[in-house]
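Asks: Have a look at the structure that comes next, please.
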Amino acid sequence: MRKICVVGTGYVGLVTGACLSDLGHKVICVDVDKSKIAMLRKNVMPIYEPGLAEIVKKNIKSGRLSFSTNLGESVKSSETIFIAVGTPPRDDGSADLSFVETVASQIAANMNSYKLIVDKSTVPVETGEWVEMTIKRNIKKNVEFDVASNPEFLREGSAVYDTFNPDRIVIGVKSKRAENLLKEIYAPIKAPVLVTDIKSAEIIKHASNSYLAMKISYINAVANLCEKTGADVAKVAEGMGMDKRIGRSFLNAGIGFGGFCFPKDLEAFYWISKKMGFDFKLLKEVKEINEYQRKLLVKKIEEAVWNLKGKTIGVLGLAFKPDTDDMRFAPSVDIIAMLQEHGARIQAYDPAAMKKAKMILKGVTFKKNAYDAAKGADCLVIVTEWNEFKELDLSKVRRLLKHPIIIDGRNIFEPQVMKKLDITYKSMGR
Ligand code: NAD
């Protein structure tokens with residue numbers, strides 16, 4: 001059992017803290033957001049994440065998991081401190097590291113014995129050095145400390161599962177003491193542990209996310225060629241994916257990636273490369289293809305309904321991907337804005353993200369279910385590939401729509417099925 005403090009109770013911090021307590025450690029999760037901590041203490045989850053509420057409840061009861069707004073006391077009573085605060089993009093695309101800096105200096109001011117400070121937030125290379133420097137500048141007592149990088153690879157929607165079953169655990173360290181401590185913390189998890197220097201660990205995270213984003217943009221570019229030639233991108237992806245060197249994952253053509261990670265990490269990786277003296281132009285192209293896909297979807301809708309002005313568009317799916325309520329950098333936000341700019345009226349439904357969507361999307365009518373979003377619409381658009389949309393009664397949808405038109409930004413339906421139902425159907429790259 002190790003004493004751990006996790007700073008930041010967002011998707012990463014909360015899941016990490018809860019899972020580490022479930023592994024047998026004593027964990028305090030800290031956040032500046034008082035309302036979040038109050039909710040968590042009452043076992044109300046601030047985010048939607050399968051399995052999370054259960055392990056939080058179980059470990060609060062066992063006494064291994066607690067929540068606090070008091071960073072100082074939490075640091076004092078812990079040995080390892082994970083920094084899991086946000087690293088949002090600045091206007092120029094670089095990562096805003098001010099939350100990391102604030103936390104590092106607060107940790108320094110409260111260090112009363114040896115501490116291992118682990119950066120779990122996604123950060124550009126050399127952040128570890130800055131964290132170390134910040135601690136040295138703000139430390140009050142003459143105590144030893146280590147800084148480490150332990151990037152997180154969990155996916156929203158399966159964050160608990162991913163934390164217990166990662167493909168790898170990356171540990172970037174400078175000392176054997178830090179390496180052994182982190183290995184002990186993660187010992188109950190059966191996964192390969194890769195030990196590297198801190199800078200390599202930082203780059204592993206940015207390089208991995210940018211690679212996955214590149215794979216998505218690659219298949220989307222291929223999809224656009226397929227569309228122009230009459231080929232079927234689903235078949236092309238299947239054929240490519242059968243090659244073990246390529247693999248089938250992340251080859252689903254559609255309207256591209258969104259969310260809090262891929263877009264910002266891609267930008268931040270481009271920015272830090274440039275700062276270091278390398279113009280990583282490939283990453284710029286990945287971003288451009290991604291943005292093009294959203295415009296392409298709007299163009300397809302416009303081509304199907306002729307004039308968008310005054311038309312009602314039913315939108316299915318608002319979250320940036322299925323099984324999450326996360327709306328950050330969701331493609332739906334841009335797509336709806338473009339449709340509204342052209343004068344369309346939007347009626348939308350999402351199984352989990354409506355509460356968050358209501359705070360972001362203006363002028364949208366939110367519906368109780370998918371059928372209500374289809375009712376009376378000139379066209380129905382699939383933006384997020386939730387499973388419940390795949391199971392819709394399409395004959396019923398057809399009856400409810402004003403005109404039987406479906407534009408599928410995620411290729412969840414089969415064109416032949418749509419043809420049989422006499423629905424005008426357009427998808428991506430098929
Ligand atoms: P988030 O915005 O959901 O959570 C961050 C939390 O940090 C918030 O609750 C905020 O109140 C808190 N915070 C900010 N400043 C603080 C301070 N000074 N003291 C205490 N708490 C503070 O963010 P997230 O999605 O959990 O992401 C956190 C980091 O992990 C980011 O760097 C992100 O890129 C990375 N990451 C995210 C994911 C993901 O799927 N969301 C996956 C891997 C890595």
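Numbering starts fresh at 1 for the residues of each chain in the structure tokens, the chains themselves are lettered A, B, ... in the order given, and ligands are numbered from 1 as they appear.
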Based on DSSP run over this structure's backbone, return all residues of range 270-350 of chain A in strand (DSSP E), as a list of chain:residue names.
Replies: A:Thr312, A:Ile313, A:Gly314, A:Val315, A:Leu316, A:Arg345, A:Ile346, A:Gln347, A:Ala348, A:Tyr349
Asks: Take the selection from the previous step and output its residues with N, CA and C atoms, as a compact mmCIF listing (two decimals), in the first residue's frame.
Replies:
```
# COMPACT_ATOMS: atom_id res chain seq x y z
N THR A 312 -35.07 21.92 -41.58
CA THR A 312 -34.85 21.34 -40.26
C THR A 312 -33.95 20.12 -40.41
N ILE A 313 -32.84 20.16 -39.69
CA ILE A 313 -31.88 19.06 -39.77
C ILE A 313 -31.88 18.32 -38.43
N GLY A 314 -32.17 17.04 -38.47
CA GLY A 314 -32.09 16.21 -37.26
C GLY A 314 -30.66 15.73 -37.09
N VAL A 315 -30.10 15.94 -35.91
CA VAL A 315 -28.70 15.53 -35.68
C VAL A 315 -28.68 14.43 -34.62
N LEU A 316 -28.11 13.30 -34.97
CA LEU A 316 -27.98 12.20 -34.01
C LEU A 316 -26.54 12.09 -33.55
N ARG A 345 -32.33 24.91 -39.21
CA ARG A 345 -32.77 24.73 -37.81
C ARG A 345 -32.32 23.35 -37.37
N ILE A 346 -31.83 23.26 -36.15
CA ILE A 346 -31.27 21.99 -35.69
C ILE A 346 -32.11 21.40 -34.57
N GLN A 347 -32.48 20.12 -34.73
CA GLN A 347 -33.07 19.38 -33.60
C GLN A 347 -32.19 18.16 -33.37
N ALA A 348 -31.69 18.04 -32.14
CA ALA A 348 -30.63 17.06 -31.91
C ALA A 348 -30.92 16.16 -30.73
N TYR A 349 -30.24 15.01 -30.76
CA TYR A 349 -30.34 14.07 -29.63
C TYR A 349 -29.00 13.37 -29.43
```
Asks: Tell me, as a list of chain:residue names, which residues lie within 8 Å of Ile272 in chain A, counting only C-alpha atoms; anything in the same chain fewer than 2 positions away does not count.
Replies: A:Ser94, A:Pro124, A:Val125, A:Ala268, A:Phe269, A:Tyr270, A:Lys274, A:Lys275, A:Met276
Asks: Within 6 Å of range 398-406 of chain A, counting only C-alpha atoms, which residues qualify if same-chain residues fewer than 5 places away don't, as an NGL selection string?
Replies: :A and (374-381 or 423-425)
Asks: Take the residues that were just selected and, keeping C-alpha atoms, output them as a short mmCIF file (atom, residue, chain, number, x, y, z; two decimals), in the first residue's frame.
Replies:
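The resulting file, out32.cif, is shown below:
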```
data_model
loop_
_atom_site.label_atom_id
_atom_site.label_comp_id
_atom_site.auth_asym_id
_atom_site.auth_seq_id
_atom_site.Cartn_x
_atom_site.Cartn_y
_atom_site.Cartn_z
CA ALA A 374 -35.96 12.58 -36.87
CA LYS A 375 -39.60 13.67 -36.62
CA GLY A 376 -40.46 16.28 -39.22
CA ALA A 377 -36.81 16.80 -40.25
CA ASP A 378 -35.87 17.47 -43.86
CA CYS A 379 -32.83 15.29 -43.33
CA LEU A 380 -31.28 13.19 -40.58
CA VAL A 381 -27.53 13.35 -39.96
CA ILE A 423 -34.11 6.18 -48.19
CA THR A 424 -31.78 8.64 -49.90
CA TYR A 425 -28.54 7.79 -48.17
#
```
Asks: Just want the 8 Å neighbourhood of Asn290 in chain A, counted on only C-alpha atoms, with same-chain residues fewer than 2 positions away dropped. Output as an MDAnalysis selection string.
Replies: chainID A and resid 217 220 255:257 286:288 292:294
Asks: Given the selection you just returned, output its residues as a file containing all heavy atoms, formatted as a tab-separated table (two decimals), in the first residue's frame.
Replies:
```tsv
chain	number	residue	atom	x	y	z
A	217	SER	N	-6.88	10.55	-40.39
A	217	SER	CA	-6.87	11.46	-41.54
A	217	SER	C	-6.46	10.71	-42.81
A	217	SER	O	-6.95	11.00	-43.90
A	217	SER	CB	-5.92	12.63	-41.30
A	217	SER	OG	-6.57	13.61	-40.52
A	220	ASN	N	-9.40	8.92	-44.11
A	220	ASN	CA	-10.38	9.88	-44.62
A	220	ASN	C	-9.97	10.42	-45.98
A	220	ASN	O	-10.81	10.62	-46.86
A	220	ASN	CB	-10.58	11.01	-43.61
A	220	ASN	CG	-11.47	10.57	-42.46
A	220	ASN	OD1	-12.26	9.64	-42.61
A	220	ASN	ND2	-11.35	11.22	-41.32
A	255	ILE	N	-16.23	11.65	-40.35
A	255	ILE	CA	-16.07	13.10	-40.27
A	255	ILE	C	-14.86	13.50	-39.42
A	255	ILE	O	-14.68	14.66	-39.09
A	255	ILE	CB	-17.34	13.80	-39.73
A	255	ILE	CG1	-17.83	13.10	-38.45
A	255	ILE	CG2	-18.41	13.83	-40.79
A	255	ILE	CD1	-18.97	13.79	-37.78
A	256	GLY	N	-14.05	12.52	-39.05
A	256	GLY	CA	-12.78	12.86	-38.40
A	256	GLY	C	-12.81	12.83	-36.89
A	256	GLY	O	-13.82	12.52	-36.28
A	257	PHE	N	-11.67	13.18	-36.32
A	257	PHE	CA	-11.52	13.08	-34.88
A	257	PHE	C	-11.83	14.41	-34.19
A	257	PHE	O	-11.72	15.48	-34.79
A	257	PHE	CB	-10.11	12.60	-34.51
A	257	PHE	CG	-9.00	13.46	-35.09
A	257	PHE	CD1	-8.58	14.61	-34.45
A	257	PHE	CD2	-8.37	13.10	-36.29
A	257	PHE	CE1	-7.55	15.39	-34.98
A	257	PHE	CE2	-7.35	13.87	-36.82
A	257	PHE	CZ	-6.94	15.03	-36.17
A	286	VAL	N	-2.44	16.54	-41.43
A	286	VAL	CA	-3.38	15.69	-40.69
A	286	VAL	C	-4.55	16.55	-40.19
A	286	VAL	O	-5.72	16.20	-40.32
A	286	VAL	CB	-2.67	14.99	-39.50
A	286	VAL	CG1	-3.68	14.31	-38.58
A	286	VAL	CG2	-1.64	13.98	-40.01
A	287	LYS	N	-4.21	17.72	-39.68
A	287	LYS	CA	-5.22	18.64	-39.15
A	287	LYS	C	-6.12	19.15	-40.28
A	287	LYS	O	-7.34	19.22	-40.16
A	287	LYS	CB	-4.52	19.80	-38.45
A	287	LYS	CG	-5.46	20.76	-37.81
A	287	LYS	CD	-4.74	21.95	-37.23
A	287	LYS	CE	-5.75	23.00	-36.85
A	287	LYS	NZ	-5.20	24.32	-36.72
A	288	GLU	N	-5.51	19.51	-41.40
A	288	GLU	CA	-6.29	20.07	-42.51
A	288	GLU	C	-7.29	19.06	-43.07
A	288	GLU	O	-8.43	19.41	-43.36
A	288	GLU	CB	-5.36	20.58	-43.61
A	288	GLU	CG	-5.04	22.04	-43.36
A	288	GLU	CD	-3.87	22.56	-44.15
A	288	GLU	OE1	-3.67	22.13	-45.29
A	288	GLU	OE2	-3.13	23.41	-43.60
A	292	TYR	N	-11.37	19.40	-43.15
A	292	TYR	CA	-12.07	19.26	-44.43
A	292	TYR	C	-13.26	18.31	-44.31
A	292	TYR	O	-14.32	18.54	-44.90
A	292	TYR	CB	-11.08	18.76	-45.50
A	292	TYR	CG	-11.72	18.49	-46.83
A	292	TYR	CD1	-12.06	19.54	-47.67
A	292	TYR	CD2	-11.99	17.19	-47.24
A	292	TYR	CE1	-12.66	19.30	-48.89
A	292	TYR	CE2	-12.59	16.93	-48.45
A	292	TYR	CZ	-12.93	17.98	-49.28
A	292	TYR	OH	-13.54	17.75	-50.48
A	293	GLN	N	-13.09	17.23	-43.53
A	293	GLN	CA	-14.15	16.22	-43.42
A	293	GLN	C	-15.45	16.81	-42.88
A	293	GLN	O	-16.53	16.44	-43.31
A	293	GLN	CB	-13.70	15.07	-42.52
A	293	GLN	CG	-12.57	14.23	-43.07
A	293	GLN	CD	-12.83	13.71	-44.46
A	293	GLN	OE1	-12.27	14.21	-45.43
A	293	GLN	NE2	-13.69	12.71	-44.59
A	294	ARG	N	-15.33	17.73	-41.94
A	294	ARG	CA	-16.53	18.34	-41.37
A	294	ARG	C	-17.26	19.18	-42.42
A	294	ARG	O	-18.48	19.14	-42.54
A	294	ARG	CB	-16.18	19.23	-40.17
A	294	ARG	CG	-15.55	18.41	-39.07
A	294	ARG	CD	-14.99	19.26	-37.95
A	294	ARG	NE	-14.24	18.38	-37.07
A	294	ARG	CZ	-13.90	18.64	-35.84
A	294	ARG	NH1	-14.22	19.80	-35.31
A	294	ARG	NH2	-13.23	17.79	-35.12
```
Asks: Can you pull out every residue with an atom within 7 Å of ligand 1? Use only C-alpha atoms and all ligand atoms and format it as an mmCIF file with all heavy atoms, in the first residue's frame.
Replies:
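The resulting out-v3.cif:
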```cif
data_model
loop_
_atom_site.group_PDB
_atom_site.id
_atom_site.type_symbol
_atom_site.label_atom_id
_atom_site.label_comp_id
_atom_site.auth_asym_id
_atom_site.auth_seq_id
_atom_site.Cartn_x
_atom_site.Cartn_y
_atom_site.Cartn_z
ATOM 1 N N VAL A 7 -3.732 15.062 -8.205
ATOM 2 C CA VAL A 7 -4.206 16.450 -8.316
ATOM 3 C C VAL A 7 -4.939 16.629 -9.643
ATOM 4 O O VAL A 7 -4.352 16.440 -10.715
ATOM 5 C CB VAL A 7 -3.045 17.457 -8.195
ATOM 6 C CG1 VAL A 7 -3.598 18.878 -8.102
ATOM 7 C CG2 VAL A 7 -2.163 17.141 -6.995
ATOM 8 N N GLY A 8 -6.210 17.031 -9.549
ATOM 9 C CA GLY A 8 -7.065 17.147 -10.734
ATOM 10 C C GLY A 8 -7.973 15.933 -10.774
ATOM 11 O O GLY A 8 -7.497 14.807 -10.867
ATOM 12 N N THR A 9 -9.303 16.159 -10.630
ATOM 13 C CA THR A 9 -10.220 15.008 -10.663
ATOM 14 C C THR A 9 -11.074 15.052 -11.918
ATOM 15 O O THR A 9 -12.295 14.976 -11.871
ATOM 16 C CB THR A 9 -11.146 14.970 -9.420
ATOM 17 O OG1 THR A 9 -11.834 16.220 -9.381
ATOM 18 C CG2 THR A 9 -10.380 14.747 -8.158
ATOM 19 N N GLY A 10 -10.424 15.200 -13.062
ATOM 20 C CA GLY A 10 -11.121 15.138 -14.342
ATOM 21 C C GLY A 10 -11.172 13.700 -14.818
ATOM 22 O O GLY A 10 -11.080 12.768 -14.019
ATOM 23 N N TYR A 11 -11.317 13.521 -16.107
ATOM 24 C CA TYR A 11 -11.415 12.172 -16.677
ATOM 25 C C TYR A 11 -10.202 11.333 -16.261
ATOM 26 O O TYR A 11 -10.324 10.177 -15.884
ATOM 27 C CB TYR A 11 -11.482 12.239 -18.208
ATOM 28 C CG TYR A 11 -12.810 12.733 -18.702
ATOM 29 C CD1 TYR A 11 -13.061 14.096 -18.863
ATOM 30 C CD2 TYR A 11 -13.840 11.847 -18.983
ATOM 31 C CE1 TYR A 11 -14.299 14.553 -19.295
ATOM 32 C CE2 TYR A 11 -15.077 12.287 -19.411
ATOM 33 C CZ TYR A 11 -15.300 13.640 -19.568
ATOM 34 O OH TYR A 11 -16.524 14.088 -19.988
ATOM 35 N N VAL A 12 -9.022 11.917 -16.314
ATOM 36 C CA VAL A 12 -7.811 11.157 -16.020
ATOM 37 C C VAL A 12 -7.582 11.025 -14.515
ATOM 38 O O VAL A 12 -7.388 9.928 -13.993
ATOM 39 C CB VAL A 12 -6.586 11.799 -16.705
ATOM 40 C CG1 VAL A 12 -5.285 11.204 -16.190
ATOM 41 C CG2 VAL A 12 -6.671 11.602 -18.208
ATOM 42 N N GLY A 13 -7.616 12.145 -13.806
ATOM 43 C CA GLY A 13 -7.296 12.128 -12.385
ATOM 44 C C GLY A 13 -8.272 11.295 -11.572
ATOM 45 O O GLY A 13 -7.856 10.484 -10.730
ATOM 46 N N VAL A 30 -7.498 15.443 -5.284
ATOM 47 C CA VAL A 30 -7.632 16.866 -4.965
ATOM 48 C C VAL A 30 -8.085 17.647 -6.197
ATOM 49 O O VAL A 30 -7.640 17.366 -7.318
ATOM 50 C CB VAL A 30 -6.262 17.439 -4.531
ATOM 51 C CG1 VAL A 30 -6.376 18.917 -4.169
ATOM 52 C CG2 VAL A 30 -5.704 16.666 -3.355
ATOM 53 N N ASP A 31 -8.952 18.619 -5.962
ATOM 54 C CA ASP A 31 -9.335 19.504 -7.070
ATOM 55 C C ASP A 31 -9.627 20.898 -6.526
ATOM 56 O O ASP A 31 -10.022 21.040 -5.370
ATOM 57 C CB ASP A 31 -10.571 18.964 -7.795
ATOM 58 C CG ASP A 31 -10.605 19.374 -9.259
ATOM 59 O OD1 ASP A 31 -10.822 20.585 -9.538
ATOM 60 O OD2 ASP A 31 -10.392 18.521 -10.135
ATOM 61 N N VAL A 32 -9.411 21.913 -7.370
ATOM 62 C CA VAL A 32 -9.756 23.282 -6.972
ATOM 63 C C VAL A 32 -11.257 23.513 -7.092
ATOM 64 O O VAL A 32 -11.791 24.458 -6.504
ATOM 65 C CB VAL A 32 -9.039 24.359 -7.837
ATOM 66 C CG1 VAL A 32 -7.644 24.623 -7.348
ATOM 67 C CG2 VAL A 32 -9.081 24.019 -9.309
ATOM 68 N N ASP A 33 -11.909 22.664 -7.877
ATOM 69 C CA ASP A 33 -13.336 22.811 -8.117
ATOM 70 C C ASP A 33 -14.108 22.239 -6.918
ATOM 71 O O ASP A 33 -14.310 21.023 -6.802
ATOM 72 C CB ASP A 33 -13.679 22.062 -9.422
ATOM 73 C CG ASP A 33 -15.113 22.291 -9.854
ATOM 74 O OD1 ASP A 33 -15.952 22.600 -8.983
ATOM 75 O OD2 ASP A 33 -15.392 22.154 -11.057
ATOM 76 N N ALA A 84 -2.560 15.602 -12.620
ATOM 77 C CA ALA A 84 -3.475 15.204 -13.702
ATOM 78 C C ALA A 84 -4.413 16.358 -14.054
ATOM 79 O O ALA A 84 -5.599 16.159 -14.310
ATOM 80 C CB ALA A 84 -4.262 13.968 -13.278
ATOM 81 N N VAL A 85 -3.869 17.566 -14.027
ATOM 82 C CA VAL A 85 -4.688 18.745 -14.362
ATOM 83 C C VAL A 85 -4.723 18.925 -15.881
ATOM 84 O O VAL A 85 -3.961 18.292 -16.610
ATOM 85 C CB VAL A 85 -4.148 20.031 -13.685
ATOM 86 C CG1 VAL A 85 -4.249 19.917 -12.178
ATOM 87 C CG2 VAL A 85 -2.711 20.304 -14.101
ATOM 88 N N GLY A 86 -5.599 19.803 -16.322
ATOM 89 C CA GLY A 86 -5.744 20.034 -17.749
ATOM 90 C C GLY A 86 -4.529 20.752 -18.350
ATOM 91 O O GLY A 86 -3.829 21.495 -17.652
ATOM 92 N N THR A 87 -4.290 20.467 -19.627
ATOM 93 C CA THR A 87 -3.239 21.166 -20.380
ATOM 94 C C THR A 87 -3.879 21.643 -21.687
ATOM 95 O O THR A 87 -3.555 21.150 -22.760
ATOM 96 C CB THR A 87 -2.044 20.226 -20.658
ATOM 97 O OG1 THR A 87 -2.542 18.981 -21.175
ATOM 98 C CG2 THR A 87 -1.252 19.941 -19.404
ATOM 99 N N PHE A 99 -1.541 25.467 -15.418
ATOM 100 C CA PHE A 99 -2.116 24.677 -14.310
ATOM 101 C C PHE A 99 -1.047 23.747 -13.732
ATOM 102 O O PHE A 99 -0.966 23.552 -12.533
ATOM 103 C CB PHE A 99 -3.314 23.846 -14.776
ATOM 104 C CG PHE A 99 -4.449 24.663 -15.322
ATOM 105 C CD1 PHE A 99 -4.854 24.525 -16.642
ATOM 106 C CD2 PHE A 99 -5.129 25.564 -14.521
ATOM 107 C CE1 PHE A 99 -5.901 25.273 -17.155
ATOM 108 C CE2 PHE A 99 -6.173 26.324 -15.026
ATOM 109 C CZ PHE A 99 -6.560 26.178 -16.349
ATOM 110 N N THR A 102 1.280 25.881 -11.621
ATOM 111 C CA THR A 102 0.654 26.241 -10.326
ATOM 112 C C THR A 102 0.721 25.075 -9.354
ATOM 113 O O THR A 102 1.110 25.233 -8.184
ATOM 114 C CB THR A 102 -0.835 26.636 -10.546
ATOM 115 O OG1 THR A 102 -0.865 27.666 -11.514
ATOM 116 C CG2 THR A 102 -1.509 27.076 -9.278
ATOM 117 N N VAL A 103 0.326 23.897 -9.850
ATOM 118 C CA VAL A 103 0.303 22.723 -8.974
ATOM 119 C C VAL A 103 1.725 22.382 -8.510
ATOM 120 O O VAL A 103 1.942 22.097 -7.323
ATOM 121 C CB VAL A 103 -0.369 21.526 -9.697
ATOM 122 C CG1 VAL A 103 -0.215 20.241 -8.897
ATOM 123 C CG2 VAL A 103 -1.846 21.816 -9.925
ATOM 124 N N LYS A 120 1.194 13.158 -15.070
ATOM 125 C CA LYS A 120 0.311 12.274 -15.836
ATOM 126 C C LYS A 120 -0.418 13.051 -16.932
ATOM 127 O O LYS A 120 -0.912 12.472 -17.897
ATOM 128 C CB LYS A 120 -0.696 11.606 -14.887
ATOM 129 C CG LYS A 120 -1.286 10.373 -15.507
ATOM 130 C CD LYS A 120 -2.018 9.539 -14.520
ATOM 131 C CE LYS A 120 -1.493 8.119 -14.402
ATOM 132 N NZ LYS A 120 -1.022 7.470 -15.602
ATOM 133 N N SER A 121 -0.496 14.368 -16.763
ATOM 134 C CA SER A 121 -1.113 15.190 -17.810
ATOM 135 C C SER A 121 -0.285 15.050 -19.086
ATOM 136 O O SER A 121 0.908 14.755 -19.023
ATOM 137 C CB SER A 121 -1.108 16.658 -17.401
ATOM 138 O OG SER A 121 -1.862 16.853 -16.231
ATOM 139 N N THR A 122 -0.931 15.271 -20.221
ATOM 140 C CA THR A 122 -0.202 15.226 -21.490
ATOM 141 C C THR A 122 0.520 16.555 -21.679
ATOM 142 O O THR A 122 -0.120 17.612 -21.715
ATOM 143 C CB THR A 122 -1.184 14.979 -22.656
ATOM 144 O OG1 THR A 122 -1.855 13.744 -22.396
ATOM 145 C CG2 THR A 122 -0.464 14.913 -23.981
ATOM 146 N N VAL A 123 1.821 16.477 -21.784
ATOM 147 C CA VAL A 123 2.618 17.712 -21.829
ATOM 148 C C VAL A 123 3.701 17.629 -22.900
ATOM 149 O O VAL A 123 4.153 16.536 -23.233
ATOM 150 C CB VAL A 123 3.292 17.973 -20.458
ATOM 151 C CG1 VAL A 123 2.260 18.275 -19.391
ATOM 152 C CG2 VAL A 123 4.168 16.797 -20.039
ATOM 153 N N PRO A 151 2.819 9.112 -18.732
ATOM 154 C CA PRO A 151 1.696 9.524 -19.585
ATOM 155 C C PRO A 151 0.533 8.543 -19.524
ATOM 156 O O PRO A 151 0.720 7.363 -19.281
ATOM 157 C CB PRO A 151 2.309 9.561 -20.987
ATOM 158 C CG PRO A 151 3.553 8.750 -20.920
ATOM 159 C CD PRO A 151 4.034 8.862 -19.508
ATOM 160 N N GLU A 152 -0.641 9.095 -19.745
ATOM 161 C CA GLU A 152 -1.874 8.303 -19.653
ATOM 162 C C GLU A 152 -2.417 8.015 -21.048
ATOM 163 O O GLU A 152 -2.474 8.908 -21.887
ATOM 164 C CB GLU A 152 -2.906 9.093 -18.825
ATOM 165 C CG GLU A 152 -4.198 8.359 -18.610
ATOM 166 C CD GLU A 152 -3.981 6.955 -18.077
ATOM 167 O OE1 GLU A 152 -3.428 6.802 -16.977
ATOM 168 O OE2 GLU A 152 -4.363 5.997 -18.774
ATOM 169 N N PHE A 153 -2.846 6.769 -21.256
ATOM 170 C CA PHE A 153 -3.355 6.383 -22.582
ATOM 171 C C PHE A 153 -4.824 5.952 -22.552
ATOM 172 O O PHE A 153 -5.324 5.426 -23.538
ATOM 173 C CB PHE A 153 -2.501 5.247 -23.160
ATOM 174 C CG PHE A 153 -1.053 5.619 -23.307
ATOM 175 C CD1 PHE A 153 -0.119 5.263 -22.347
ATOM 176 C CD2 PHE A 153 -0.615 6.364 -24.408
ATOM 177 C CE1 PHE A 153 1.224 5.628 -22.475
ATOM 178 C CE2 PHE A 153 0.719 6.724 -24.539
ATOM 179 C CZ PHE A 153 1.641 6.360 -23.578
ATOM 180 N N LEU A 154 -5.505 6.162 -21.409
ATOM 181 C CA LEU A 154 -6.896 5.701 -21.327
ATOM 182 C C LEU A 154 -7.762 6.414 -22.353
ATOM 183 O O LEU A 154 -7.454 7.519 -22.796
ATOM 184 C CB LEU A 154 -7.451 5.912 -19.915
ATOM 185 C CG LEU A 154 -7.608 7.337 -19.353
ATOM 186 C CD1 LEU A 154 -8.769 8.107 -19.934
ATOM 187 C CD2 LEU A 154 -7.756 7.260 -17.860
ATOM 188 N N ARG A 155 -8.838 5.715 -22.722
ATOM 189 C CA ARG A 155 -9.800 6.314 -23.649
ATOM 190 C C ARG A 155 -11.074 6.640 -22.882
ATOM 191 O O ARG A 155 -11.541 5.819 -22.094
ATOM 192 C CB ARG A 155 -10.151 5.329 -24.771
ATOM 193 C CG ARG A 155 -9.002 4.965 -25.663
ATOM 194 C CD ARG A 155 -9.304 3.693 -26.422
ATOM 195 N NE ARG A 155 -9.519 2.578 -25.508
ATOM 196 C CZ ARG A 155 -9.928 1.353 -25.869
ATOM 197 N NH1 ARG A 155 -10.175 1.092 -27.143
ATOM 198 N NH2 ARG A 155 -10.106 0.390 -24.983
ATOM 199 N N GLU A 156 -11.617 7.823 -23.121
ATOM 200 C CA GLU A 156 -12.892 8.152 -22.485
ATOM 201 C C GLU A 156 -13.924 7.161 -22.983
ATOM 202 O O GLU A 156 -13.925 6.787 -24.146
ATOM 203 C CB GLU A 156 -13.303 9.584 -22.840
ATOM 204 C CG GLU A 156 -12.512 10.594 -22.050
ATOM 205 C CD GLU A 156 -12.811 12.029 -22.456
ATOM 206 O OE1 GLU A 156 -13.918 12.295 -22.943
ATOM 207 O OE2 GLU A 156 -11.932 12.869 -22.288
ATOM 208 N N PHE A 260 -10.968 16.095 -26.454
ATOM 209 C CA PHE A 260 -10.020 16.955 -25.750
ATOM 210 C C PHE A 260 -8.574 16.553 -26.018
ATOM 211 O O PHE A 260 -7.659 17.288 -25.672
ATOM 212 C CB PHE A 260 -10.326 16.899 -24.244
ATOM 213 C CG PHE A 260 -9.557 17.891 -23.426
ATOM 214 C CD1 PHE A 260 -9.574 19.245 -23.740
ATOM 215 C CD2 PHE A 260 -8.809 17.493 -22.332
ATOM 216 C CE1 PHE A 260 -8.860 20.165 -22.993
ATOM 217 C CE2 PHE A 260 -8.092 18.403 -21.569
ATOM 218 C CZ PHE A 260 -8.118 19.748 -21.909
ATOM 219 N N CYS A 261 -8.358 15.387 -26.641
ATOM 220 C CA CYS A 261 -6.972 14.926 -26.759
ATOM 221 C C CYS A 261 -6.367 15.064 -28.155
ATOM 222 O O CYS A 261 -5.402 15.805 -28.331
ATOM 223 C CB CYS A 261 -6.865 13.489 -26.268
ATOM 224 S SG CYS A 261 -7.077 13.404 -24.481
#
```
Asks: Excluding Lys199 in chain A and residues on its chain fewer than 5 positions from it, collect all residues at most 10 Å away from it, counting only C-alpha atoms, and give them as a ChimeraX atom specification.
Replies: /A:124-129,148-149,172-173,204
Asks: What lies within 10 Å of Pro166 in chain A using only C-alpha atoms, ignoring chain neighbours under 4 positions off, as a PyMOL selection string?
Replies: chain A and resi 152-154+159+161-162+189-193
Asks: Find the residues around Gly317 in chain A up to 12 Å (only C-alpha atoms counted), leave out those fewer than 4 positions away in its own chain, and share them as a PyMOL selection string.
Replies: chain A and resi 321-327+330-333+335-336+347-354+357+366-367+369-370+373+380-390+408-410
Asks: As an exercise, work out the distance from CA of Lys362 in chain A to CA of Ser427 in chain A in Å and give it to one decimal place.
Replies: 26.7 Å
Asks: Restricting the calculation to only C-alpha atoms: of A:Glu414, A:Asp334, A:Asp96, A:Asp243, which residue gets closest to Glu267 in chain A?
Replies: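 Nearest to Glu267 in chain A: A:Asp96.
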Asks: Have a look at CA of Ile216 in chain A and CA of Glu285 in chain A and let me know their distance in Å, one decimal.
Replies: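 So the two atoms, CA of Ile216 in chain A and CA of Glu285 in chain A, lie 11.9 Å apart.
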Asks: Show me a table, sorted first by chain and then by increasing residue number, of the residues of range 163-270 of chain A having an atom at most 10 Å from range 66-81 of chain A, each with its shortest atom pair and the distance in Å to one decimal, counting only C-alpha atoms and written as a tab-separated table.
Replies:
```
residue	atom	partner	partner_atom	distance
A:Ala178	CA	A:Thr80	CA	9.3
A:Leu181	CA	A:Thr80	CA	8.4
A:Leu182	CA	A:Thr80	CA	8.6
A:Ile185	CA	A:Thr80	CA	9.4
```
Asks: Identify all residues of range 141-286 of chain A in helix (DSSP H, G or I) (DSSP on the backbone) and supply them as an MDAnalysis selection string.
Replies: chainID A and resid 159:164 176:186 198:229 233:241 262:275 281:286
Asks: What is the distance, in Å and to one decimal place, between CA of Val397 in chain A and CA of Tyr371 in chain A?
Replies: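 So the two atoms, CA of Val397 in chain A and CA of Tyr371 in chain A, lie 6.3 Å apart.
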